[in-house]
file work30.cif (mmCIF, C-alpha atoms)
data_input
loop_
_atom_site.label_atom_id
_atom_site.label_comp_id
_atom_site.auth_asym_id
_atom_site.auth_seq_id
_atom_site.Cartn_x
_atom_site.Cartn_y
_atom_site.Cartn_z
CA MET S 1 -17.50 20.65 24.81
CA GLU S 2 -17.51 17.56 22.60
CA MET S 3 -14.96 15.19 24.16
CA LEU S 4 -15.23 12.26 21.74
CA THR S 5 -14.64 13.31 18.12
CA SER S 6 -14.79 9.85 16.52
CA GLU S 7 -15.79 6.43 17.78
CA PRO S 8 -14.64 2.92 16.88
CA PRO S 9 -16.65 1.13 14.18
CA GLU S 10 -19.46 -1.07 15.50
CA LEU S 11 -18.01 -4.20 13.87
CA THR S 12 -14.49 -4.97 12.66
CA THR S 13 -13.79 -8.27 10.89
CA VAL S 14 -10.41 -9.83 11.68
CA ILE S 15 -8.81 -13.25 11.27
CA GLU S 16 -7.82 -14.93 14.54
CA GLY S 17 -4.10 -14.43 15.17
CA GLN S 18 -3.97 -11.20 13.14
CA MET S 19 -3.75 -7.60 14.38
CA ALA S 20 -6.78 -5.36 15.00
CA ARG S 21 -6.96 -1.63 15.70
CA LEU S 22 -9.93 0.14 17.23
CA ASN S 23 -9.91 3.92 16.77
CA CYS S 24 -11.10 6.50 19.26
CA THR S 25 -10.34 10.17 18.64
CA THR S 26 -10.70 12.88 21.28
CA VAL S 27 -9.92 16.52 21.73
CA PRO S 28 -6.39 17.06 23.11
CA GLY S 29 -5.69 16.98 26.84
CA LEU S 30 -8.18 14.29 27.88
CA THR S 31 -7.50 10.89 29.44
CA VAL S 32 -8.49 7.76 27.50
CA HIS S 33 -8.78 4.14 28.54
CA TRP S 34 -10.42 1.11 26.94
CA GLU S 35 -12.79 -1.38 28.50
CA LEU S 36 -13.87 -4.89 27.51
CA LYS S 37 -17.31 -5.91 28.77
CA GLY S 38 -17.25 -2.90 31.13
CA ILE S 39 -13.91 -3.84 32.75
CA PRO S 40 -10.83 -1.60 32.19
CA LEU S 41 -8.24 -3.34 30.01
CA ASP S 42 -4.75 -3.89 31.33
CA THR S 43 -2.13 -3.17 28.69
CA SER S 44 0.21 -5.97 27.66
CA TYR S 45 2.39 -7.03 24.76
CA ARG S 46 -0.79 -8.31 23.07
CA ARG S 47 -3.18 -5.43 23.86
CA TYR S 48 -1.83 -1.89 24.08
CA MET S 49 -2.70 1.70 23.29
CA ASP S 50 -1.19 3.63 20.40
CA GLY S 51 -2.16 7.19 21.22
CA THR S 52 -5.88 6.83 21.93
CA ASP S 53 -6.35 3.75 19.70
CA LEU S 54 -6.48 0.20 21.04
CA VAL S 55 -4.16 -2.21 19.22
CA ILE S 56 -4.60 -5.95 19.63
CA ALA S 57 -1.40 -7.46 18.25
CA ARG S 58 -2.79 -11.00 18.02
CA VAL S 59 -6.57 -11.42 18.22
CA LEU S 60 -7.75 -14.48 20.16
CA HIS S 61 -11.32 -15.70 19.68
CA ASP S 62 -11.93 -16.65 23.32
CA GLN S 63 -10.40 -13.47 24.81
CA ASP S 64 -11.32 -10.67 22.40
CA ARG S 65 -15.06 -10.94 21.93
CA GLY S 66 -16.56 -7.56 22.80
CA PRO S 67 -18.00 -5.23 23.53
CA PHE S 68 -15.01 -2.89 23.61
CA THR S 69 -15.63 0.72 24.63
CA CYS S 70 -13.42 3.80 24.66
CA VAL S 71 -13.82 5.90 27.83
CA VAL S 72 -12.74 9.55 27.67
CA THR S 73 -12.34 11.56 30.88
CA ASN S 74 -11.75 15.24 31.50
CA THR S 75 -9.62 15.06 34.66
CA SER S 76 -10.30 18.75 35.44
CA THR S 77 -14.07 18.28 35.66
CA GLY S 78 -14.36 14.53 36.24
CA GLN S 79 -16.78 14.28 33.30
CA SER S 80 -16.56 11.03 31.32
CA VAL S 81 -17.99 9.91 28.00
CA THR S 82 -18.15 6.30 26.81
CA SER S 83 -18.18 5.38 23.12
CA LYS S 84 -20.76 3.13 21.55
CA PRO S 85 -19.77 -0.56 21.78
CA ALA S 86 -17.37 -2.03 19.22
CA TYR S 87 -17.20 -5.72 18.41
CA LEU S 88 -14.64 -7.89 16.63
CA ASP S 89 -16.03 -10.40 14.14
CA ILE S 90 -13.26 -12.97 14.63
CA ILE S 91 -12.83 -15.49 11.83
CA CYS S 92 -11.21 -18.68 13.12
CA LYS S 93 -8.42 -20.14 11.00
#
call {"tool": "encode", "arguments": {"input": "work30.cif", "output": "structure tokens"}}
result
Amino acid sequence: MEMLTSEPPELTTVIEGQMARLNCTTVPGLTVHWELKGIPLDTSYRRYMDGTDLVIARVLHDQDRGPFTCVVTNTSTGQSVTSKPAYLDIICK
């Protein structure tokens, strides 16, 4: 079964202080979390999930340099799939 139906783009250009959205689409019923540099992201007012997408409300150059990855897990089988890395090209104001 294909668990990950679309992955985030490899590079997204964003202006520092603006919003960014990284997309990750899965088949229904699976668990999704995002990682930055291999460490699970804690959600906050600045970084949160909208469905399976990661939204960064205000991109910060020193905190949001990738790689970001989307990790999809089938809790019934324990099988996990990790997306290819996604990076933000952050343009400083």
call {"tool": "closest_residue", "arguments": {"input": "work30.cif", "among": "S:Gln79, S:Gln18, S:Ser6, S:Thr73", "to": "His33 of chain S", "atoms": "only C-alpha atoms"}}
result
S:Thr73
call {"tool": "atom_distance", "arguments": {"input": "work30.cif", "atom1": "atom CA of Glu35 of chain S", "atom2": "atom CA of Asp62 of chain S"}}
result
16.1 Å
call {"tool": "resolve_selection", "arguments": {"input": "work30.cif", "expression": "the PyMOL selection byres ((chain S and resi 48-57) around 7)", "output": "count of residues only"}}
result
16
call {"tool": "residues_around", "arguments": {"input": "work30.cif", "residues": "Gly38 of chain S", "least_positions_apart": "5", "cutoff": "9 Å", "atoms": "only C-alpha atoms", "output": "PyMOL selection string"}}
result
chain S and resi 67-69
call {"tool": "resolve_selection", "arguments": {"input": "work30.cif", "expression": "the PyMOL selection byres ((chain S and resi 70) around 6)", "output": "PDB file with C-alpha atoms, in the coordinates of the input"}}
result
ATOM      1  CA  TRP S  34     -10.420   1.110  26.940  1.00  0.00           C
ATOM      2  CA  THR S  69     -15.630   0.720  24.630  1.00  0.00           C
ATOM      3  CA  VAL S  71     -13.820   5.900  27.830  1.00  0.00           C
ATOM      4  CA  THR S  82     -18.150   6.300  26.810  1.00  0.00           C
ATOM      5  CA  SER S  83     -18.180   5.380  23.120  1.00  0.00           C
TER       6      SER S  83
END
call {"tool": "closest_residue", "arguments": {"input": "work30.cif", "among": "S:Leu36, S:Pro28, S:Cys92, S:Val14", "to": "Glu2 of chain S", "atoms": "all atoms listed in the file"}}
result
S:Pro28
call {"tool": "closest_residue", "arguments": {"input": "work30.cif", "among": "S:Glu10, S:Glu16, S:Asp42, S:Asp64", "to": "Ala86 of chain S", "atoms": "all atoms listed in the file"}}
result
S:Glu10
call {"tool": "closest_residue", "arguments": {"input": "work30.cif", "among": "S:Glu7, S:Thr12, S:Thr26, S:His61", "to": "Asn74 of chain S", "atoms": "all atoms listed in the file"}}
result
S:Thr26
call {"tool": "closest_residue", "arguments": {"input": "work30.cif", "among": "S:Leu41, S:Met3, S:Leu30, S:Ile90", "to": "Gly17 of chain S", "atoms": "only C-alpha atoms"}}
result
S:Ile90
call {"tool": "closest_residue", "arguments": {"input": "work30.cif", "among": "S:Lys37, S:Ile91, S:Thr31, S:Arg65", "to": "Gly78 of chain S", "atoms": "only C-alpha atoms"}}
result
S:Thr31
call {"tool": "resolve_selection", "arguments": {"input": "work30.cif", "expression": "the PyMOL selection byres ((chain S and resi 11) around 9)", "output": "list of chain:residue names"}}
result
S:Pro8, S:Pro9, S:Glu10, S:Thr12, S:Thr13, S:Pro85, S:Ala86, S:Tyr87, S:Leu88, S:Asp89
